[in-house]
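Peer 1: Let me begin by handing over the structure; questions about it come next.
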6 protein chains.
Amino acid sequence: MTESPILCSIDLDAPGKQVGQLQVPRSSNMAGWSNQYVPIVSIAGGDGPTAVVLGGVHGDEPEGQIAALNLLRRLEPAEVHGRLIVIPCVSMDASLEYSRLWPSGANMNRSFPGSPDGSPDEQLAHFLSTEVFPRSEIVVDMHSGGRTGLCVPWSEMHWVDDPEQRRQMVDGMYAWNADWCCVYIDIAGSGLLVGEAERQGKIVVSTELGGGGFVTAEIHRLSISGLENVLRHFGVIEGEAVTRADLGKPEQTLLMATERDNYLLAPESGLFETFVDLGQHVSVGEPLGQMHFLERPDRAPEVIESLTDGIVCSVRAIATTDQGDNVVVVAREASRSELD
Amino acid sequence: MTESPILCSIDLDAPGKQVGQLQVPRSSNMAGWSNQYVPIVSIAGGDGPTAVVLGGVHGDEPEGQIAALNLLRRLEPAEVHGRLIVIPCVSMDASLEYSRLWPSGANMNRSFPGSPDGSPDEQLAHFLSTEVFPRSEIVVDMHSGGRTGLCVPWSEMHWVDDPEQRRQMVDGMYAWNADWCCVYIDIAGSGLLVGEAERQGKIVVSTELGGGGFVTAEIHRLSISGLENVLRHFGVIEGEAVTRADLGKPEQTLLMATERDNYLLAPESGLFETFVDLGQHVSVGEPLGQMHFLERPDRAPEVIESLTDGIVCSVRAIATTDQGDNVVVVAREASRSELD
Amino acid sequence: MTESPILCSIDLDAPGKQVGQLQVPRSSNMAGWSNQYVPIVSIAGGDGPTAVVLGGVHGDEPEGQIAALNLLRRLEPAEVHGRLIVIPCVSMDASLEYSRLWPSGANMNRSFPGSPDGSPDEQLAHFLSTEVFPRSEIVVDMHSGGRTGLCVPWSEMHWVDDPEQRRQMVDGMYAWNADWCCVYIDIAGSGLLVGEAERQGKIVVSTELGGGGFVTAEIHRLSISGLENVLRHFGVIEGEAVTRADLGKPEQTLLMATERDNYLLAPESGLFETFVDLGQHVSVGEPLGQMHFLERPDRAPEVIESLTDGIVCSVRAIATTDQGDNVVVVAREASRSELD
Amino acid sequence: MTESPILCSIDLDAPGKQVGQLQVPRSSNMAGWSNQYVPIVSIAGGDGPTAVVLGGVHGDEPEGQIAALNLLRRLEPAEVHGRLIVIPCVSMDASLEYSRLWPSGANMNRSFPGSPDGSPDEQLAHFLSTEVFPRSEIVVDMHSGGRTGLCVPWSEMHWVDDPEQRRQMVDGMYAWNADWCCVYIDIAGSGLLVGEAERQGKIVVSTELGGGGFVTAEIHRLSISGLENVLRHFGVIEGEAVTRADLGKPEQTLLMATERDNYLLAPESGLFETFVDLGQHVSVGEPLGQMHFLERPDRAPEVIESLTDGIVCSVRAIATTDQGDNVVVVAREASRSELD
Amino acid sequence: MTESPILCSIDLDAPGKQVGQLQVPRSSNMAGWSNQYVPIVSIAGGDGPTAVVLGGVHGDEPEGQIAALNLLRRLEPAEVHGRLIVIPCVSMDASLEYSRLWPSGANMNRSFPGSPDGSPDEQLAHFLSTEVFPRSEIVVDMHSGGRTGLCVPWSEMHWVDDPEQRRQMVDGMYAWNADWCCVYIDIAGSGLLVGEAERQGKIVVSTELGGGGFVTAEIHRLSISGLENVLRHFGVIEGEAVTRADLGKPEQTLLMATERDNYLLAPESGLFETFVDLGQHVSVGEPLGQMHFLERPDRAPEVIESLTDGIVCSVRAIATTDQGDNVVVVAREASRSELD
Amino acid sequence: MTESPILCSIDLDAPGKQVGQLQVPRSSNMAGWSNQYVPIVSIAGGDGPTAVVLGGVHGDEPEGQIAALNLLRRLEPAEVHGRLIVIPCVSMDASLEYSRLWPSGANMNRSFPGSPDGSPDEQLAHFLSTEVFPRSEIVVDMHSGGRTGLCVPWSEMHWVDDPEQRRQMVDGMYAWNADWCCVYIDIAGSGLLVGEAERQGKIVVSTELGGGGFVTAEIHRLSISGLENVLRHFGVIEGEAVTRADLGKPEQTLLMATERDNYLLAPESGLFETFVDLGQHVSVGEPLGQMHFLERPDRAPEVIESLTDGIVCSVRAIATTDQGDNVVVVAREASRSELD
């Protein structure tokens, strides 16, 4: 079977502003004939490129959901040069539970490229992969560290091999104007949304806008300003993109977290105490934190030491920790020219 | 792998009456070596055609289960011209929980054609698709609206392209002698049992024998009388089939619910109040019901209007409603000649 | 401790129309400091008596919730002679799950008179018992058979010993103008809301407005018309109360279900098939239904016979049945004079 | 019954350092005869007063657990003038799940004064109330905002009527040397640990050391330094207590959050966006945040305005919000002399 | 409230054999009006004493349930000198789940003496305490180690102070003719069934008939033969009681497990490996087993040593072990004269 | 995708003793970036063959886990002629819950050969199938009957067609020196670990070391002695393998359980009582046990009779039984020459 079972209630190729929904077939004990609605908004105003803006791939990352909601409500077609397709919350039920995963246990960010006859997350991934991404030049996927990860707010990218695609993605990453940019690898599985968009050659811009499950007003401001600046940068919405220099700010710090040694994992289950805070410089062998064991308060904690020199860009937000959970990310500071 | 792991304890090709079970491999925390039993009865008495009779594909639809149980207990081979294979309850554990889905979350009516090395529902679907349906000419799958859907009791069919198959299915549909017949489409996914049987060219007769999770004695009588009349119509069991005219009743009303606009979905989660009852004629734009919002008793309800002229043939049985749940089906009245 | 921890956001003794909520302290994993809101509306317009109108004590009984919502939205103080206190949904979280019980497992209708330092349901029961009921002369508690019980729609009462209280309750019961009235006993526990109101000497009017979990438009009309007529009868809202004779209808049928033999319980777990429908007359020893056993389709069903002569006024709505579940209620027809 | 079923494996009245556990009877499906262990450490070294130090009353508040573990491991009797009784984690199973409540649903901080024949949380509360608190002069109960509440880190107290007790508690609160002190009320129930200790006339010192479920290294440093300074202030451990002046810091800001209007609750369920950050001054009527409604992205958000002038001292950490959840606390700045 | 809400369908004071049930009020989401049935059988045939025989107080202890079922089916009034009241399975739903506790989490053996307006387990305990025990002279409560505890099969008793009651209980304990007798204490809570029966001065005979959740045919034989011999010993059923000497067996070994040191608890959560088997003699300080730590296979196991000399009479059956779980019971061998 | 996402932290081809872990990508609500650790130990000391030793494929079978842990801790490279790869617990989370299945519901022993982009159990199966088994000549997979099955302790094998592979497997099976050897078939599904290893031509040695969920010290001794003797037999570790004759024991009894009739399944759900014990000889038609029905204590039990002559080698350990659960295995005694 190759046709998507998902119905889109709006015409993604029509001009103007349309508010509708993706209708994902659903059959539950509480509704025999039903469709899960995933809101989708299209705002098309001219001949510019198309950007897809996605929030809420993970339900415990509200930054992007709220930035997208605020943007879609106030933006009118006259302000859009090209086309904007906004899905403010991809994982509706996960957002309702404020959880990373869907109630089914599915991680939407491990479901790509999806399948038209798979589980609902795979059906939705397939629709995005086959109906939405192909209509766009730019894919913006807003993430944060979620409930369990504190991150310095950064915009991010995978290393992609195509030089032109990579150049555009670097530009997009820098256009967010956060204090930090980061090149990262996946240490907890495959099937990511951005991976599929990259495979299709799209200019992918992603973020980790803080995290820990909470959002400050300051982060909300960075989310919306960065999102709009990226869209201006690529000519999707009206207005001039600005640089950090324009704003009187120092250049972004570029972080490389492309080795497995950048990601420290807990050696044993216990209660994690961090010794370091976000943005702090650390050296190889420096203690980053320790695991306490509540059942044996007299047992000496297990100390975790850094495997590299670098900057602490992520710290586990939750003290209760299982063996193998990432507790600290130490990234290497790099210069932008490394990405050429 | 192509062989089914399911064992059938009876010989489906032997004459006489046999009561046995399908044994579906199961390994749980409460039983390392185990088989789920799905009762199956074969009653073969002559040279006529074979009909498969299925109940309980959904666990909250007892009408068919009880009709099948009563039939299989009292029927003897001498009364059967051909062969009857009865599976009174396909979804045993769902019936035990009185739920549409299996405890695993599987919707048995989305599992076809199934797979011999998939999950247990897929294994069972595969066995039916490869071992049971091919032995038959007629497949009778008894459904109702289940816990969440009130339906006027109807017999039903999909539109199939083959004219001869369609003609026979129309005849079978009418032979149930319910007040209503309905041609419908699937709006909540694929993988239906009847779809696979249709694909195999079988004469498929299905029903929605009321619903709402409850069954009246009147519906029980319609279930067994309709089932037996269909089986007589096709010469599977002895006796003459009767028509509604024979019974002094007016002809069946034929309903067409073959457009998505026939199926009204809730625009927002809330408490649904119907304005219309089963069998009522409504017009385009007519209010069918409204959504209340308990958290804000002062908020005006959201009214749902009909998108077509027609007859109300299904109303959501449960007031608590999620966005996207089907709340009303408005079908178009048609004449039997449309099905030729 | 004797003071309620519940805050009422409106002044129940002030004139005019106020929409507010009861705030029940709540501390959960998703909110350390929180209050469960239970909407409450007061509409006071004159010197007449006070009626308390309650819906949604059980979450799977939406009739009263919707009647109360519709009433409270349209009613203005000028139409109220006395005072109306409306709590459209006592059990908010149960309504959200469409379940009889609270998610905690509490049956709100077994929590009276409650306690200020008990569980939240007991706190809410205590607030109603000490702050709401004492302000009223009339308590209207709208129920139905809920998901599991089909009832002929009736208004109902317990037998109370005080003749004047009983006389007023009989009048209130008849003022609903349903086809049926019923005097009942409690066979599944104590702690009922109406029991506490009766103990305080209030005129208690209650109902079983159908049931089975579903509501027809016809039942919605009966719910609101009956509620308004009762309020008019007691002079709480303007307008003249009408009788069934005024409406050209025959007198209500009075049912007595005051003996344990009126309530038939399932002798063994299985799948229940009813032989009788609502309103049907039955005799002692008459088969009312039977239990099927899915694991053993060849086992003869267990027949349940009536223990009394009478009218079937309630039938279990769900086929899957546990030993000890009530499957049929057979009530004795009586004349109104028995209640003097 | 008046005797506690809980066994303490160490002699709380013996000198020296002892590491043991409270043994709370437990009988589960995985262990018929069992005791839940709650670690307890006693370090007694002289004639000074006794302080009880408690962490982990809520499982999603690790600050106090880790400060207590670090303190108890390094402290020796020679450094203690009086006696220190440390229970680093009162709610062991909640800490394992990183949840506010026990797996049973009990909120340990609503279980006091407890009961010897109640549920395990009540048994433990009773043991603390009858065997531990009476042995002490000072009770230190370390909390934070937990998973759902971001707080400026503060030390705190209830207003108590006894002037001498209040004076000592004010001194203890200031001795933590956090930037903020706060006098608060309970808006989500009764039965708090500190309430029982206050009722016994103890000097109670409590905190909200940040929150949001995460802990920075900076907060860990404040937790241990504050705890030790308080213990020094009361002469329980050796060393001189210091003041913020000694540390070259400005005086603590005193916050009064003693009115219900200080606590803003969500008017409807939705996705909360804060407009304000911790420490920010706001005025009556100033928008503090707004609720978004994901199902209806086009619906205007519901704005929440401040009911008082003051300082934002707590913001809900989780965007997904139920009606009635506390979203912001705006406290009034006050001077220390108000507490005399 | 002092009257039990529980109805007994048979007359416990009538002669002859009656099979009925206790009806415990139940109101669930699947049945609004319902009663939990607990089977009860009375067999009265003469002037002898009354014995109450109870099985299945814990759902994972089937020995007593099956012995009681076999006994009640074959025994006729003519074989009973006095009266036998048999409740073969007190905890029906726990038996269905094969779990120690009720699905509600209640431990039926911690619910005594119960309460008529408590939870269902407390209501049932109250009925037994007030309606059943007072009718009897002898109470036989059959237990085993259940899923988590392997025990040498023994009959058992608490030490009771009344010499005559104690003498009779010793005789009853010995009359079971198991290889072992045991005097024990409660280390995991109070509220036991036997405690209430002892308080009422009844002759209480209890057992731990093996355990580990499984039952061998040999244990089934011991269960029924012991039960019958005890009933013969007290003159409740016909026939001569026999002694072990009569059977050519050596005298029972009497075990005293009356000190907390007899019960070894796991010092830390992990995987328990026993070094000793049932019936083995051990000495103080002898290693009994060790805890392994799967996350750290290189960590040395924690060895658990005996605190007393004695005989191993119980070993934890489940390797996965939480801190505080009982892993071994080492009892002291004693002579019967100690019990005088 | 063909590459495994699993990282092995040690070099399986390096000499010496290494303790590390398999890192299986995991993304949960409690850890966005995480890896499940599965401990793995390599001990390589010479030119001999490689054996893989696996425990804990099922979480309720601790025998193999503990034997493997004890072996890996004490064994040094000097004692190993070839290479030993030990995974003491394949199903870590199942072991933590002491359950057969993973918390996800996966049966690790139905997941082979696995898939690199399937669920975590399939990823782990794929890693074993592609990275671990190919490095070995011998695969030792230690099982027992688990919680639900009592087995006479035996070593076992599937019949494989290749004579040389079969000969070596027979030798390995006999080298365990248990009292029993067994040739068995799979009646509850496919996808077994040993099946994949056999398909690769490995010498597979497996066991059912007792079961019932419990382990005696005697069984622990058999587990480690058998495991070491097998490893010596194949020249993997130093020392001479011994035979039962060397130990003064009679030859192993060989059991054939290769027909479906050897496996008796429960005909109906109920409470199972065994009439037979392990090792007992039975005849066709002999009653093996019976099912009791607690709801109807007066109903005659359903007797289960043997379908073959043979020896009882497995009995269901849990009385509560579902229809279709295996209750007894009766195997045929055979002579070793049958396996040639």
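Chain labels A, B, ... are given in the sequence in which chains occur in the structure tokens; within each chain residues are numbered consecutively from 1, and ligands are likewise numbered from 1 in the order shown.
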Please identify every residue of chain E that has at least one atom no more than 10 Å from any atom of chain C, counting only C-alpha atoms, and report them as a PyMOL selection string.
Peer 2: chain E and resi 5-7+21+23-38+104+117+120
Peer 1: Could you give me, as a PyMOL selection string, each residue of stretch 197-321 of chain B that DSSP assigns to strand (DSSP E) when run on this structure's backbone?
Peer 2: chain B and resi 203-208+253-257+263-265+270-274+281-282+287-292+302-305+310-316+320-321
Peer 1: The selected residues should be written to file as an mmCIF file, in the first residue's frame (atoms: C-alpha atoms).
Peer 2:
```cif
data_model
loop_
_atom_site.group_PDB
_atom_site.id
_atom_site.type_symbol
_atom_site.label_atom_id
_atom_site.label_comp_id
_atom_site.auth_asym_id
_atom_site.auth_seq_id
_atom_site.Cartn_x
_atom_site.Cartn_y
_atom_site.Cartn_z
ATOM 1 C CA ILE B 203 -19.938 -13.100 -0.752
ATOM 2 C CA VAL B 204 -19.596 -10.960 2.311
ATOM 3 C CA VAL B 205 -22.550 -10.150 4.532
ATOM 4 C CA SER B 206 -22.008 -7.803 7.425
ATOM 5 C CA THR B 207 -24.161 -5.875 9.892
ATOM 6 C CA GLU B 208 -24.371 -3.107 12.436
ATOM 7 C CA THR B 253 -34.680 1.371 3.456
ATOM 8 C CA LEU B 254 -31.391 1.545 1.619
ATOM 9 C CA LEU B 255 -28.829 4.030 2.928
ATOM 10 C CA MET B 256 -25.749 5.297 1.134
ATOM 11 C CA ALA B 257 -23.009 6.560 3.444
ATOM 12 C CA TYR B 263 -19.593 11.290 8.764
ATOM 13 C CA LEU B 264 -19.643 14.297 11.109
ATOM 14 C CA LEU B 265 -16.616 14.585 13.413
ATOM 15 C CA GLY B 270 -16.162 18.200 25.035
ATOM 16 C CA LEU B 271 -19.489 16.754 26.104
ATOM 17 C CA PHE B 272 -21.672 15.918 23.112
ATOM 18 C CA GLU B 273 -25.444 16.494 23.171
ATOM 19 C CA THR B 274 -27.378 15.104 20.266
ATOM 20 C CA HIS B 281 -34.555 13.064 8.372
ATOM 21 C CA VAL B 282 -32.262 16.096 8.400
ATOM 22 C CA PRO B 287 -28.008 21.515 13.733
ATOM 23 C CA LEU B 288 -27.334 17.904 14.720
ATOM 24 C CA GLY B 289 -25.931 18.446 18.157
ATOM 25 C CA GLN B 290 -23.533 20.543 20.178
ATOM 26 C CA MET B 291 -20.383 20.263 22.260
ATOM 27 C CA HIS B 292 -20.473 21.511 25.863
ATOM 28 C CA GLU B 302 -20.197 24.545 19.659
ATOM 29 C CA VAL B 303 -22.958 23.514 17.282
ATOM 30 C CA ILE B 304 -22.404 20.802 14.648
ATOM 31 C CA GLU B 305 -24.460 21.124 11.470
ATOM 32 C CA GLY B 310 -30.347 12.532 4.627
ATOM 33 C CA ILE B 311 -31.315 10.193 7.421
ATOM 34 C CA VAL B 312 -29.556 9.923 10.769
ATOM 35 C CA CYS B 313 -28.369 6.343 10.900
ATOM 36 C CA SER B 314 -25.756 6.545 13.650
ATOM 37 C CA VAL B 315 -25.284 8.754 16.706
ATOM 38 C CA ARG B 316 -22.376 8.694 19.099
ATOM 39 C CA THR B 320 -17.607 12.498 26.519
ATOM 40 C CA THR B 321 -16.045 13.066 23.137
#
```
Peer 1: Stretch 52-55 of chain F: which residues within 7 Å, counting only C-alpha atoms, same-chain residues fewer than 3 positions away excluded, as a tab-separated table (two decimals) with N, CA, C and O atoms, in the first residue's frame?
Peer 2:
```
chain	number	residue	atom	x	y	z
F	64	GLY	N	20.57	-19.35	35.71
F	64	GLY	CA	21.66	-19.07	34.79
F	64	GLY	C	22.33	-17.74	35.08
F	64	GLY	O	23.55	-17.61	34.93
F	65	GLN	N	21.56	-16.76	35.50
F	65	GLN	CA	22.15	-15.46	35.80
F	65	GLN	C	23.19	-15.59	36.91
F	65	GLN	O	24.29	-15.03	36.83
F	68	ALA	N	26.28	-17.65	35.90
F	68	ALA	CA	27.15	-16.86	35.02
F	68	ALA	C	27.90	-15.80	35.80
F	68	ALA	O	29.09	-15.56	35.57
F	84	LEU	N	35.73	-17.16	26.29
F	84	LEU	CA	34.41	-17.23	26.90
F	84	LEU	C	33.78	-15.86	26.80
F	84	LEU	O	34.38	-14.87	27.24
F	85	ILE	N	32.60	-15.81	26.21
F	85	ILE	CA	31.84	-14.55	26.19
F	85	ILE	C	30.61	-14.78	27.03
F	85	ILE	O	29.79	-15.65	26.73
F	86	VAL	N	30.49	-14.02	28.12
F	86	VAL	CA	29.40	-14.24	29.08
F	86	VAL	C	28.48	-13.02	29.10
F	86	VAL	O	28.93	-11.90	29.30
F	87	ILE	N	27.21	-13.26	28.88
F	87	ILE	CA	26.18	-12.23	29.09
F	87	ILE	C	25.29	-12.78	30.18
F	87	ILE	O	24.39	-13.58	29.94
F	88	PRO	N	25.54	-12.35	31.43
F	88	PRO	CA	24.87	-13.03	32.55
F	88	PRO	C	23.35	-12.80	32.55
F	88	PRO	O	22.61	-13.64	33.02
F	89	CYS	N	22.94	-11.65	32.03
F	89	CYS	CA	21.50	-11.38	32.05
F	89	CYS	C	21.12	-10.64	30.77
F	89	CYS	O	21.30	-9.44	30.66
F	90	VAL	N	20.56	-11.37	29.82
F	90	VAL	CA	20.18	-10.78	28.54
F	90	VAL	C	19.02	-9.79	28.71
F	90	VAL	O	19.00	-8.74	28.09
F	136	SER	N	31.47	-17.70	17.77
F	136	SER	CA	31.55	-18.84	18.70
F	136	SER	C	31.39	-20.17	17.99
F	136	SER	O	30.90	-20.25	16.86
F	138	ILE	N	30.32	-22.72	20.40
F	138	ILE	CA	29.35	-23.28	21.35
F	138	ILE	C	28.49	-22.17	21.92
F	138	ILE	O	28.99	-21.10	22.27
F	139	VAL	N	27.18	-22.42	21.99
F	139	VAL	CA	26.26	-21.45	22.60
F	139	VAL	C	25.52	-22.15	23.73
F	139	VAL	O	24.83	-23.14	23.51
F	140	VAL	N	25.71	-21.63	24.95
F	140	VAL	CA	25.06	-22.19	26.13
F	140	VAL	C	23.99	-21.22	26.60
F	140	VAL	O	24.30	-20.10	26.99
F	141	ASP	N	22.74	-21.65	26.55
F	141	ASP	CA	21.62	-20.79	26.92
F	141	ASP	C	20.87	-21.43	28.09
F	141	ASP	O	20.15	-22.39	27.92
F	142	MET	N	21.09	-20.85	29.28
F	142	MET	CA	20.54	-21.46	30.49
F	142	MET	C	19.14	-20.97	30.80
F	142	MET	O	18.91	-19.78	31.01
```
Peer 1: Give me the residues near D:Lys202 as a ChimeraX atom specification, where near means some atom within 10 Å (using only C-alpha atoms) and where sequence neighbours in that chain fewer than 3 positions away do not count.
Peer 2: /D:51,133-134,136-140,165-166,168-169,194-199,205
Peer 1: Looking only at alpha helix (DSSP H) from DSSP on the backbone, list the matching residues of stretch 102-310 of chain F as a PyMOL selection string.
Peer 2: chain F and resi 120-127+163-175+193-199+217-233
Peer 1: Atom CA of A:Ser4 to atom CA of A:Pro39: how many Å, to one decimal?
Peer 2: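 Between atom CA of A:Ser4 and atom CA of A:Pro39 the gap works out to 17.2 Å.
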Peer 1: Leaving out A:Val242 and any residue of its chain fewer than 4 positions from it, which residues lie within 8 Å of it when counting only C-alpha atoms, given as a ChimeraX atom specification?
Peer 2: /A:175,229,246-247
Peer 1: I need the chosen residues saved as a PDB file, in the first residue's frame, with N, CA, C and O atoms.
Peer 2:
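Writing the result to out17.pdb gives the following:
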```pdb
ATOM      1  N   ALA A 175      21.449  31.859  11.878  1.00  0.00           N
ATOM      2  CA  ALA A 175      20.421  32.904  11.808  1.00  0.00           C
ATOM      3  C   ALA A 175      19.502  32.902  13.024  1.00  0.00           C
ATOM      4  O   ALA A 175      18.759  33.866  13.229  1.00  0.00           O
ATOM      5  N   ASN A 229      13.592  35.184  12.551  1.00  0.00           N
ATOM      6  CA  ASN A 229      14.812  35.619  11.858  1.00  0.00           C
ATOM      7  C   ASN A 229      15.254  34.579  10.826  1.00  0.00           C
ATOM      8  O   ASN A 229      15.711  34.923   9.730  1.00  0.00           O
ATOM      9  N   ASP A 246      24.456  42.893  14.479  1.00  0.00           N
ATOM     10  CA  ASP A 246      23.430  43.947  14.391  1.00  0.00           C
ATOM     11  C   ASP A 246      22.813  44.221  15.758  1.00  0.00           C
ATOM     12  O   ASP A 246      22.407  45.343  16.069  1.00  0.00           O
ATOM     13  N   LEU A 247      22.701  43.163  16.561  1.00  0.00           N
ATOM     14  CA  LEU A 247      22.055  43.284  17.869  1.00  0.00           C
ATOM     15  C   LEU A 247      23.042  43.662  18.964  1.00  0.00           C
ATOM     16  O   LEU A 247      22.684  43.743  20.141  1.00  0.00           O
TER      17      LEU A 247
END
```
Peer 1: Could you tell me which of F:Pro116, F:Ile219, F:Tyr184, F:Trp176 comes closest to F:Trp159 if we count only C-alpha atoms?
Peer 2: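 Checking each of F:Pro116, F:Ile219, F:Tyr184, F:Trp176 against F:Trp159, counting only C-alpha atoms, the winner is F:Tyr184.
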Peer 1: One number please: atom CA of D:Ser335 to atom CA of D:Cys181, in Å, one decimal.
Peer 2: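 Straight-line distance from atom CA of D:Ser335 to atom CA of D:Cys181 works out to 10.5 Å.
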Peer 1: Can you tell me which residues surround E:Gln252 at a distance of at most 8 Å, considering only C-alpha atoms, apart from same-chain residues fewer than 2 positions away, and format the answer as a tab-separated table (two decimals) with N, CA and C atoms, in the first residue's frame?
Peer 2:
```tsv
chain	number	residue	atom	x	y	z
E	174	TYR	N	-0.30	-29.73	66.49
E	174	TYR	CA	0.32	-31.04	66.34
E	174	TYR	C	-0.56	-32.02	65.57
E	177	ASN	N	-0.11	-33.12	61.83
E	177	ASN	CA	0.82	-34.21	61.51
E	177	ASN	C	1.80	-33.89	60.39
E	178	ALA	N	2.07	-32.60	60.18
E	178	ALA	CA	3.16	-32.23	59.29
E	178	ALA	C	4.49	-32.56	59.96
E	179	ASP	N	5.57	-32.55	59.23
E	179	ASP	CA	6.87	-32.83	59.84
E	179	ASP	C	7.28	-31.74	60.82
E	180	TRP	N	6.75	-30.55	60.62
E	180	TRP	CA	7.21	-29.41	61.39
E	180	TRP	C	6.05	-28.67	62.04
E	181	CYS	N	6.34	-28.13	63.26
E	181	CYS	CA	5.44	-27.18	63.89
E	181	CYS	C	6.24	-25.91	64.15
E	244	ARG	N	1.25	-38.98	64.56
E	244	ARG	CA	2.36	-39.40	63.70
E	244	ARG	C	2.88	-40.78	64.13
E	250	PRO	N	8.27	-40.21	62.84
E	250	PRO	CA	8.88	-39.61	64.03
E	250	PRO	C	8.06	-38.38	64.46
E	254	LEU	N	9.65	-29.17	66.51
E	254	LEU	CA	9.07	-27.88	66.90
E	254	LEU	C	10.09	-26.77	66.70
```
